[in-house]
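Asker: The structure under discussion is supplied below as structure tokens; questions concerning it will follow.
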Amino acid sequence: MPSARKALGQITGIGYAYPAPRGAHRLTGTRLPDVALKDGRLYEALRGGRFVLITPGAYEGPGVREGWLTVKGWASDRRTTVLVRPDGYVAWAAEAKDAAAIEKALAR
């Protein structure tokens with residue numbers, strides 16, 4: 001039942017999305033479900049009230065040193081890099097791990 005699924009998504013908040021800028025990744029503005037990470041789950045990482053950057057590999061940037069960003073790795077072989085806001089919505093995403101693009105997204 002599509003209508004029941006839509007109503008459930010709106011009641012729980014999962015069905016809402018924010019407008020994404022033109023040309024943004026399809027995940028931008030959507031709420032990310034609780035996904036498995038190398039060392040735990042996404043919603044566990046969000047409990048600290050920080051942004052979470054999920055990458056296919058290691059990342060050492062200024063946000064990590066400032067203490068407002070938690071960096072995690074995918075439990076799977078997924079290649080998408082995702083910046084998740086503390087409320088669980090995707091602030092930025094890209095299919096490739098590009099350090100310059102990550103820094104630009106963090107600056108916004």
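Every chain in the structure tokens has a letter given in the order shown (A, B, ...), and although residue numbers restart at 1 in each chain, ligands are simply numbered from 1 in the order shown.
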Give me the residues within 12 Å of Ala20 of chain A as a list of chain:residue names, counting only C-alpha atoms and dropping any in the same chain fewer than 2 places off.
Answerer: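 Contacts, in chain order: A:Ala17, A:Tyr18, A:Arg22, A:Gly23, A:Ala24, A:His25, A:Arg26, A:Leu27, A:Thr28, A:Gly29, A:Thr30, A:Tyr89, A:Val90, A:Ala91, A:Trp92, A:Ala93.
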Asker: Contacts of Ile102 of chain A at 12 Å or less, counting only C-alpha atoms, minus same-chain residues fewer than 3 places along, as a list in words?
Answerer: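 Neighbouring residues, sequence-local ones excluded: Leu53, Ile54, Thr55, Tyr59, Glu60, Gly61, Pro62, Gly63, Val71, Thr80, Thr81, Val82, Leu83, Ala91, Trp92, Ala93, Ala94, Glu95, Ala96, Lys97, Asp98, Ala99, Ala105, Leu106, Ala107 and Arg108 of chain A.
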Asker: What is the atom CA of Glu44 of chain A to atom CA of Pro21 of chain A distance in Å?
Answerer: 28.2 Å
Asker: Would you mind reading off the distance between atom CA of Ala75 of chain A and atom CA of Leu37 of chain A, one decimal, in Å?
Answerer: 4.4 Å
Asker: Got a sec: who's within 9 Å of segment 40-43 of chain A, counting only C-alpha atoms, leaving out chain neighbours fewer than 4 positions off, as an MDAnalysis selection string?
Answerer: chainID A and resid 32:36 47 52 54 72 75 88
Asker: In Å, rounded to a single decimal, give me how far atom CA of Arg78 of chain A is from atom CA of Gly48 of chain A.
Answerer: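 Between atom CA of Gly48 of chain A and atom CA of Arg78 of chain A the gap is 24.1 Å.
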Asker: Which is closest to Leu69 of chain A among A:Leu46, A:Ala100, A:Asp87, A:Pro56, if we use only C-alpha atoms?
Answerer: A:Leu46
